[in-house]
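Structure file data-v3.cif; described as mmCIF, C-alpha atoms and all ligand atoms; chains and numbers go by the auth columns.
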data_entry
#
loop_
_atom_site.group_PDB
_atom_site.id
_atom_site.type_symbol
_atom_site.label_atom_id
_atom_site.label_comp_id
_atom_site.label_asym_id
_atom_site.label_seq_id
_atom_site.Cartn_x
_atom_site.Cartn_y
_atom_site.Cartn_z
_atom_site.B_iso_or_equiv
_atom_site.auth_seq_id
_atom_site.auth_asym_id
ATOM 1 C CA MET A 1 98.807 107.532 88.783 0.00 178 A
ATOM 2 C CA LYS A 2 101.696 105.122 88.636 0.00 179 A
ATOM 3 C CA VAL A 3 102.243 103.049 91.723 0.00 180 A
ATOM 4 C CA LYS A 4 105.674 101.489 91.671 0.00 181 A
ATOM 5 C CA GLY A 5 106.594 100.123 95.016 0.00 182 A
ATOM 6 C CA ASN A 6 106.312 103.372 96.879 0.00 183 A
ATOM 7 C CA LEU A 7 103.429 102.279 99.013 0.00 184 A
ATOM 8 C CA PHE A 8 103.238 103.577 102.511 0.00 185 A
ATOM 9 C CA ILE A 9 100.613 104.106 105.135 0.00 186 A
ATOM 10 C CA PRO A 10 99.902 107.817 105.117 0.00 187 A
ATOM 11 C CA SER A 11 100.502 109.345 108.472 0.00 188 A
ATOM 12 C CA LYS A 12 96.982 110.799 108.132 0.00 189 A
ATOM 13 C CA VAL A 13 95.899 107.477 109.605 0.00 190 A
ATOM 14 C CA ARG A 14 98.006 108.077 112.685 0.00 191 A
ATOM 15 C CA TYR A 15 96.957 111.738 112.725 0.00 192 A
ATOM 16 C CA VAL A 16 93.262 110.883 112.677 0.00 193 A
ATOM 17 C CA ARG A 17 93.833 108.432 115.500 0.00 194 A
ATOM 18 C CA GLY A 18 94.992 111.273 117.698 0.00 195 A
ATOM 19 C CA GLU A 19 98.781 111.110 117.471 0.00 196 A
ATOM 20 C CA LYS A 20 99.036 114.781 116.587 0.00 197 A
ATOM 21 C CA PRO A 21 102.268 116.646 117.114 0.00 198 A
ATOM 22 C CA ASN A 22 102.150 118.584 120.356 0.00 199 A
ATOM 23 C CA VAL A 23 102.006 122.093 118.894 0.00 200 A
ATOM 24 C CA ASP A 24 99.320 124.800 118.932 0.00 201 A
ATOM 25 C CA CYS A 25 99.250 125.120 115.158 0.00 202 A
ATOM 26 C CA ILE A 26 101.012 122.736 112.802 0.00 203 A
ATOM 27 C CA LEU A 27 101.415 125.363 110.053 0.00 204 A
ATOM 28 C CA CYS A 28 102.803 127.978 112.453 0.00 205 A
ATOM 29 C CA ALA A 29 105.167 125.232 113.650 0.00 206 A
ATOM 30 C CA ILE A 30 106.308 124.643 110.062 0.00 207 A
ATOM 31 C CA ARG A 31 106.789 128.411 109.679 0.00 208 A
ATOM 32 C CA GLU A 32 108.936 128.409 112.831 0.00 209 A
ATOM 33 C CA LYS A 33 110.794 125.257 111.684 0.00 210 A
ATOM 34 C CA ASP A 34 109.760 123.513 114.884 0.00 211 A
ATOM 35 C CA LYS A 35 111.481 120.120 115.103 0.00 212 A
ATOM 36 C CA LYS A 36 108.315 118.528 116.515 0.00 213 A
ATOM 37 C CA VAL A 37 106.625 118.559 113.123 0.00 214 A
ATOM 38 C CA GLU A 38 107.787 116.915 109.945 0.00 215 A
ATOM 39 C CA SER A 39 107.980 119.725 107.450 0.00 216 A
ATOM 40 C CA LEU A 40 107.669 119.027 103.756 0.00 217 A
ATOM 41 C CA GLU A 41 108.353 122.644 102.907 0.00 218 A
ATOM 42 C CA ILE A 42 109.001 123.271 99.228 0.00 219 A
ATOM 43 C CA CYS A 43 109.557 127.013 99.246 0.00 220 A
ATOM 44 C CA ARG A 44 108.540 130.218 100.947 0.00 221 A
ATOM 45 C CA THR A 45 108.185 133.856 100.053 0.00 222 A
ATOM 46 C CA SER A 46 107.868 136.838 102.385 0.00 223 A
ATOM 47 C CA GLN A 47 104.143 136.072 102.798 0.00 224 A
ATOM 48 C CA PHE A 48 103.550 132.391 101.975 0.00 225 A
ATOM 49 C CA CYS A 49 104.896 128.908 102.360 0.00 226 A
ATOM 50 C CA ILE A 50 104.257 126.027 99.984 0.00 227 A
ATOM 51 C CA CYS A 51 104.603 122.504 101.284 0.00 228 A
ATOM 52 C CA ALA A 52 103.831 119.019 100.102 0.00 229 A
ATOM 53 C CA ASN A 53 100.928 117.505 101.962 0.00 230 A
ATOM 54 C CA LEU A 54 102.114 114.934 104.452 0.00 231 A
ATOM 55 C CA TYR A 55 98.782 113.182 104.010 0.00 232 A
ATOM 56 C CA PRO A 56 98.330 113.408 100.248 0.00 233 A
ATOM 57 C CA TYR A 57 95.112 112.486 98.492 0.00 234 A
ATOM 58 C CA ASN A 58 97.094 112.132 95.302 0.00 235 A
ATOM 59 C CA PRO A 59 100.690 112.461 94.109 0.00 236 A
ATOM 60 C CA GLY A 60 101.630 116.131 93.889 0.00 237 A
ATOM 61 C CA HIS A 61 99.107 117.277 96.496 0.00 238 A
ATOM 62 C CA ILE A 62 100.502 120.552 97.848 0.00 239 A
ATOM 63 C CA MET A 63 99.301 123.272 100.192 0.00 240 A
ATOM 64 C CA ILE A 64 99.899 127.009 99.999 0.00 241 A
ATOM 65 C CA PHE A 65 99.461 128.838 103.292 0.00 242 A
ATOM 66 C CA PRO A 66 100.041 132.389 104.519 0.00 243 A
ATOM 67 C CA LEU A 67 102.869 132.668 107.043 0.00 244 A
ATOM 68 C CA ARG A 68 100.550 134.838 109.106 0.00 245 A
ATOM 69 C CA HIS A 69 98.107 132.756 111.168 0.00 246 A
ATOM 70 C CA ILE A 70 94.710 133.630 109.763 0.00 247 A
ATOM 71 C CA GLU A 71 91.728 131.301 109.618 0.00 248 A
ATOM 72 C CA ASP A 72 89.525 132.686 106.872 0.00 249 A
ATOM 73 C CA ILE A 73 90.121 133.965 103.359 0.00 250 A
ATOM 74 C CA ARG A 74 88.223 137.123 104.322 0.00 251 A
ATOM 75 C CA GLU A 75 91.143 138.026 106.597 0.00 252 A
ATOM 76 C CA MET A 76 93.570 137.995 103.694 0.00 253 A
ATOM 77 C CA LYS A 77 95.083 141.311 102.632 0.00 254 A
ATOM 78 C CA LYS A 78 94.918 142.382 98.987 0.00 255 A
ATOM 79 C CA LYS A 79 98.663 142.028 98.496 0.00 256 A
ATOM 80 C CA GLU A 80 98.517 138.516 99.957 0.00 257 A
ATOM 81 C CA ALA A 81 95.663 137.572 97.656 0.00 258 A
ATOM 82 C CA ALA A 82 97.616 138.867 94.665 0.00 259 A
ATOM 83 C CA GLU A 83 100.684 136.851 95.603 0.00 260 A
ATOM 84 C CA LEU A 84 98.623 133.761 96.279 0.00 261 A
ATOM 85 C CA PHE A 85 97.220 133.907 92.770 0.00 262 A
ATOM 86 C CA THR A 86 100.735 134.117 91.319 0.00 263 A
ATOM 87 C CA LEU A 87 101.852 131.179 93.457 0.00 264 A
ATOM 88 C CA GLU A 88 98.863 129.139 92.304 0.00 265 A
ATOM 89 C CA ILE A 89 99.792 129.658 88.661 0.00 266 A
ATOM 90 C CA ILE A 90 103.434 128.751 89.304 0.00 267 A
ATOM 91 C CA SER A 91 102.312 125.665 91.215 0.00 268 A
ATOM 92 C CA LEU A 92 100.109 124.464 88.373 0.00 269 A
ATOM 93 C CA GLU A 93 102.915 124.939 85.853 0.00 270 A
ATOM 94 C CA ILE A 94 105.301 122.923 87.985 0.00 271 A
ATOM 95 C CA LEU A 95 102.824 120.188 88.884 0.00 272 A
ATOM 96 C CA ASP A 96 101.922 119.858 85.194 0.00 273 A
ATOM 97 C CA GLU A 97 105.572 119.331 84.405 0.00 274 A
ATOM 98 C CA VAL A 98 106.317 116.864 87.197 0.00 275 A
ATOM 99 C CA PHE A 99 103.110 114.851 87.579 0.00 276 A
ATOM 100 C CA LYS A 100 101.270 115.428 84.272 0.00 277 A
ATOM 101 C CA PRO A 101 97.824 115.241 85.856 0.00 278 A
ATOM 102 C CA HIS A 102 94.580 115.396 83.889 0.00 279 A
ATOM 103 C CA GLY A 103 92.962 117.965 86.145 0.00 280 A
ATOM 104 C CA TYR A 104 93.025 119.669 89.538 0.00 281 A
ATOM 105 C CA ASN A 105 90.920 120.429 92.553 0.00 282 A
ATOM 106 C CA ILE A 106 91.914 123.673 94.209 0.00 283 A
ATOM 107 C CA GLY A 107 90.324 124.889 97.360 0.00 284 A
ATOM 108 C CA TYR A 108 89.998 125.588 101.033 0.00 285 A
ATOM 109 C CA ASN A 109 88.224 123.746 103.786 0.00 286 A
ATOM 110 C CA LEU A 110 86.739 126.434 105.974 0.00 287 A
ATOM 111 C CA GLY A 111 85.233 125.865 109.387 0.00 288 A
ATOM 112 C CA PRO A 112 84.642 122.705 111.407 0.00 289 A
ATOM 113 C CA CYS A 113 81.970 121.397 109.025 0.00 290 A
ATOM 114 C CA GLY A 114 84.143 122.010 105.981 0.00 291 A
ATOM 115 C CA GLY A 115 86.381 119.070 106.832 0.00 292 A
ATOM 116 C CA ASN A 116 89.015 121.381 108.210 0.00 293 A
ATOM 117 C CA SER A 117 91.436 119.657 110.586 0.00 294 A
ATOM 118 C CA ILE A 118 93.896 122.578 110.555 0.00 295 A
ATOM 119 C CA LYS A 119 92.513 126.021 111.433 0.00 296 A
ATOM 120 C CA HIS A 120 95.381 127.975 109.904 0.00 297 A
ATOM 121 C CA LEU A 121 94.191 128.966 106.433 0.00 298 A
ATOM 122 C CA HIS A 122 95.661 126.797 103.696 0.00 299 A
ATOM 123 C CA GLN A 123 94.821 126.225 100.079 0.00 300 A
ATOM 124 C CA HIS A 124 94.969 122.685 98.737 0.00 301 A
ATOM 125 C CA ILE A 125 96.054 121.982 95.192 0.00 302 A
ATOM 126 C CA VAL A 126 95.235 118.375 94.378 0.00 303 A
ATOM 127 C CA PRO A 127 96.222 116.928 90.999 0.00 304 A
ATOM 128 C CA ARG A 128 93.601 114.569 89.579 0.00 305 A
ATOM 129 C CA PHE A 129 94.255 111.621 87.307 0.00 306 A
ATOM 130 C CA SER A 130 91.902 109.848 84.969 0.00 307 A
ATOM 131 C CA ASN A 131 92.840 106.429 86.339 0.00 308 A
ATOM 132 C CA GLU A 132 93.035 107.255 90.035 0.00 309 A
ATOM 133 C CA LEU A 133 91.198 105.657 92.896 0.00 310 A
ATOM 134 C CA GLY A 134 87.986 107.350 93.870 0.00 311 A
ATOM 135 C CA PHE A 135 88.482 110.294 96.171 0.00 312 A
ATOM 136 C CA VAL A 136 86.138 108.667 98.625 0.00 313 A
ATOM 137 C CA ASP A 137 88.175 105.450 98.644 0.00 314 A
ATOM 138 C CA VAL A 138 91.214 107.438 99.645 0.00 315 A
ATOM 139 C CA ILE A 139 89.726 109.795 102.201 0.00 316 A
ATOM 140 C CA THR A 140 87.740 107.080 103.902 0.00 317 A
ATOM 141 C CA GLU A 141 90.911 104.970 103.970 0.00 318 A
ATOM 142 C CA SER A 142 89.040 102.023 102.525 0.00 319 A
ATOM 143 C CA ARG A 143 91.872 101.786 100.030 0.00 320 A
ATOM 144 C CA ILE A 144 95.172 103.495 100.609 0.00 321 A
ATOM 145 C CA ILE A 145 97.665 103.706 97.776 0.00 322 A
ATOM 146 C CA VAL A 146 99.514 106.966 97.734 0.00 323 A
ATOM 147 C CA ASP A 147 103.005 107.928 96.692 0.00 324 A
ATOM 148 C CA ASP A 148 105.299 109.065 99.445 0.00 325 A
ATOM 149 C CA PRO A 149 105.420 112.887 99.096 0.00 326 A
ATOM 150 C CA ARG A 150 109.030 112.894 100.261 0.00 327 A
ATOM 151 C CA LEU A 151 110.139 111.287 96.993 0.00 328 A
ATOM 152 C CA SER A 152 109.315 114.277 94.802 0.00 329 A
ATOM 153 C CA LEU A 153 110.245 116.946 97.326 0.00 330 A
ATOM 154 C CA SER A 154 113.731 117.838 96.131 0.00 331 A
ATOM 155 C CA LYS A 155 112.621 118.065 92.506 0.00 332 A
ATOM 156 C CA LEU A 156 109.750 120.376 93.464 0.00 333 A
ATOM 157 C CA LYS A 157 112.072 122.488 95.617 0.00 334 A
ATOM 158 C CA ASN A 158 114.446 123.062 92.720 0.00 335 A
ATOM 159 C CA LEU A 159 111.685 123.923 90.257 0.00 336 A
ATOM 160 C CA PHE A 160 109.995 126.371 92.612 0.00 337 A
ATOM 161 C CA ALA A 161 113.287 128.008 93.514 0.00 338 A
ATOM 162 C CA ALA A 162 114.010 128.535 89.819 0.00 339 A
ATOM 163 C CA LYS A 163 110.540 129.976 89.050 0.00 340 A
ATOM 164 C CA LEU A 164 110.499 132.278 92.065 0.00 341 A
ATOM 165 C CA LYS A 165 113.872 133.755 91.095 0.00 342 A
ATOM 166 C CA LYS A 166 112.418 135.068 87.824 0.00 343 A
HETATM 167 ZN ZN ZN B . 98.965 128.912 112.533 0.00 401 B
#

This entry written out as structure tokens:
Amino acid sequence: MKVKGNLFIPSKVRYVRGEKPNVDCILCAIREKDKKVESLEICRTSQFCICANLYPYNPGHIMIFPLRHIEDIREMKKKEAAELFTLEIISLEILDEVFKPHGYNIGYNLGPCGGNSIKHLHQHIVPRFSNELGFVDVITESRIIVDDPRLSLSKLKNLFAAKLKK
């Protein structure tokens, strides 16, 4: 991970302290383009939206979520699951190209004990780098050095738009 002057305090810090946007569901609000939430939307299909994580653990941390408000993967329909898999593959290809990570964590946080601060189902794709800070350092906010996700947004938007057209 290269850190070149793009340091910022992730708004996760503010979020954790209780300054949450006043909406029922932040992902439904992004779907509805509600002005109360800062959307880092990259692209959407008829069933899913992909956005950069406003509170990234690492550069290139994105989330894929169904437009439909569901809270568990067991509520997903087969055609949604099939599309999600395709979107995952496209995401990895694009993140490889842009961020050149050395690995990924992909997953869901389900339920209140799963570390889930947003109920609306969403899949995290987190690029991992051999020289990064420890995950724990970042999530416990003992050390915070994260790229601003806004910086890579337009590049990601263009790449996803091109891939989804195919
Ligand atoms: Zn929702």

Return as a list in words the set of residues that the PyMOL selection byres (((not hetatm)) within 8 of (chain B and resi 401)) yields on the displayed structure.
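On this input, the PyMOL selection byres (((not hetatm)) within 8 of (chain B and resi 401)) captures Asp201, Cys202, Ile203, Leu204, Cys205, Ala206, Leu244, Arg245, His246, Ile247, Lys296, His297 and Leu298 of chain A.
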
Mind telling me what the PyMOL selection byres (((chain A and resi 327-342) around 8) and not hetatm) catches here, as a VMD selection string?
chain A and resid 217 219 to 220 229 237 267 to 268 271 275 324 to 326 343

Those same residues - C-alpha atoms - I'd like them written as a short mmCIF file (atom, residue, chain, number, x, y, z; two decimals), keeping the file's coordinate frame.
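Output file out14.cif follows:
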data_model
loop_
_atom_site.label_atom_id
_atom_site.label_comp_id
_atom_site.auth_asym_id
_atom_site.auth_seq_id
_atom_site.Cartn_x
_atom_site.Cartn_y
_atom_site.Cartn_z
CA LEU A 217 107.67 119.03 103.76
CA ILE A 219 109.00 123.27 99.23
CA CYS A 220 109.56 127.01 99.25
CA ALA A 229 103.83 119.02 100.10
CA GLY A 237 101.63 116.13 93.89
CA ILE A 267 103.43 128.75 89.30
CA SER A 268 102.31 125.66 91.22
CA ILE A 271 105.30 122.92 87.98
CA VAL A 275 106.32 116.86 87.20
CA ASP A 324 103.00 107.93 96.69
CA ASP A 325 105.30 109.06 99.44
CA PRO A 326 105.42 112.89 99.10
CA LYS A 343 112.42 135.07 87.82
#

Which one is closest to Leu287 (chain A): A:Val303, A:Ala259, A:Ile266, A:Ile250? Count all atoms listed in the file.
A:Ile250

A:Thr263, A:Asn199, A:Asn286, A:Gln300: which is nearest Asn230 (chain A), counting all atoms listed in the file?
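Among A:Thr263, A:Asn199, A:Asn286, A:Gln300, it is A:Gln300 that comes nearest to Asn230 (chain A).
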
CA of Lys256 (chain A) to CA of Asn293 (chain A): how many Å, to one decimal?
24.8 Å

Padding of 3 Å on every side, edges along x, y and z, all listed atoms of region 239-242 of chain A included: what centre and edge lengths in Å, to one decimal, does that box have, as AutoDock Vina command-line options?
--center_x 99.9 --center_y 124.7 --center_z 100.6 --size_x 7.2 --size_y 14.3 --size_z 11.4

Which residues, named as in the file, does the PyMOL selection byres (((chain A and resi 282) around 9) and not hetatm) pick out? Answer as a PyMOL selection string.
chain A and resi 280-281+283-284+301-305

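For the pair CA of Glu309 (chain A) and CA of Pro278 (chain A), the interatomic distance is 10.2 Å.
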
What is the CA of Glu270 (chain A)-CA of Ile207 (chain A) distance in Å, reported with one decimal?
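For CA of Glu270 (chain A) relative to CA of Ile207 (chain A), the distance reads 24.4 Å.
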
Exercise: Ile241 (chain A) partners within 6 Å, all atoms listed in the file, chain neighbours under 4 positions left out, as a PyMOL selection string
chain A and resi 226-227+299-300

Complete region 228-241 of chain A with N, CA, C and O atoms (output as a short mmCIF file (atom, residue, chain, number, x, y, z; two decimals), keeping the file's coordinate frame).
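The file below, result.cif, is the result:
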data_model
loop_
_atom_site.label_atom_id
_atom_site.label_comp_id
_atom_site.auth_asym_id
_atom_site.auth_seq_id
_atom_site.Cartn_x
_atom_site.Cartn_y
_atom_site.Cartn_z
N CYS A 228 104.04 123.79 100.86
CA CYS A 228 104.60 122.50 101.28
C CYS A 228 103.82 121.36 100.67
O CYS A 228 102.66 121.50 100.28
N ALA A 229 104.51 120.23 100.55
CA ALA A 229 103.83 119.02 100.10
C ALA A 229 102.95 118.56 101.25
O ALA A 229 103.28 118.74 102.42
N ASN A 230 101.83 117.99 100.92
CA ASN A 230 100.93 117.50 101.96
C ASN A 230 101.46 116.19 102.51
O ASN A 230 101.72 115.25 101.76
N LEU A 231 101.62 116.15 103.80
CA LEU A 231 102.11 114.93 104.45
C LEU A 231 101.10 113.80 104.33
O LEU A 231 101.43 112.63 104.44
N TYR A 232 99.87 114.17 104.10
CA TYR A 232 98.78 113.18 104.01
C TYR A 232 98.10 113.32 102.66
O TYR A 232 96.95 113.72 102.56
N PRO A 233 98.84 113.04 101.57
CA PRO A 233 98.33 113.41 100.25
C PRO A 233 97.13 112.57 99.82
O PRO A 233 97.06 111.38 100.13
N TYR A 234 96.20 113.21 99.13
CA TYR A 234 95.11 112.49 98.49
C TYR A 234 95.58 111.91 97.17
O TYR A 234 95.02 110.95 96.68
N ASN A 235 96.57 112.56 96.59
CA ASN A 235 97.09 112.13 95.30
C ASN A 235 98.55 112.57 95.21
O ASN A 235 98.95 113.50 95.92
N PRO A 236 99.33 111.97 94.32
CA PRO A 236 100.69 112.46 94.11
C PRO A 236 100.65 113.93 93.70
O PRO A 236 99.80 114.32 92.90
N GLY A 237 101.56 114.72 94.25
CA GLY A 237 101.63 116.13 93.89
C GLY A 237 100.69 117.03 94.67
O GLY A 237 100.60 118.22 94.40
N HIS A 238 100.02 116.48 95.67
CA HIS A 238 99.11 117.28 96.50
C HIS A 238 99.94 118.25 97.34
O HIS A 238 100.74 117.83 98.16
N ILE A 239 99.76 119.55 97.09
CA ILE A 239 100.50 120.55 97.85
C ILE A 239 99.54 121.50 98.56
O ILE A 239 98.35 121.53 98.26
N MET A 240 100.08 122.26 99.49
CA MET A 240 99.30 123.27 100.19
C MET A 240 100.06 124.59 100.15
O MET A 240 101.27 124.61 100.32
N ILE A 241 99.32 125.67 99.93
CA ILE A 241 99.90 127.01 100.00
C ILE A 241 99.27 127.69 101.20
O ILE A 241 98.04 127.74 101.30
#
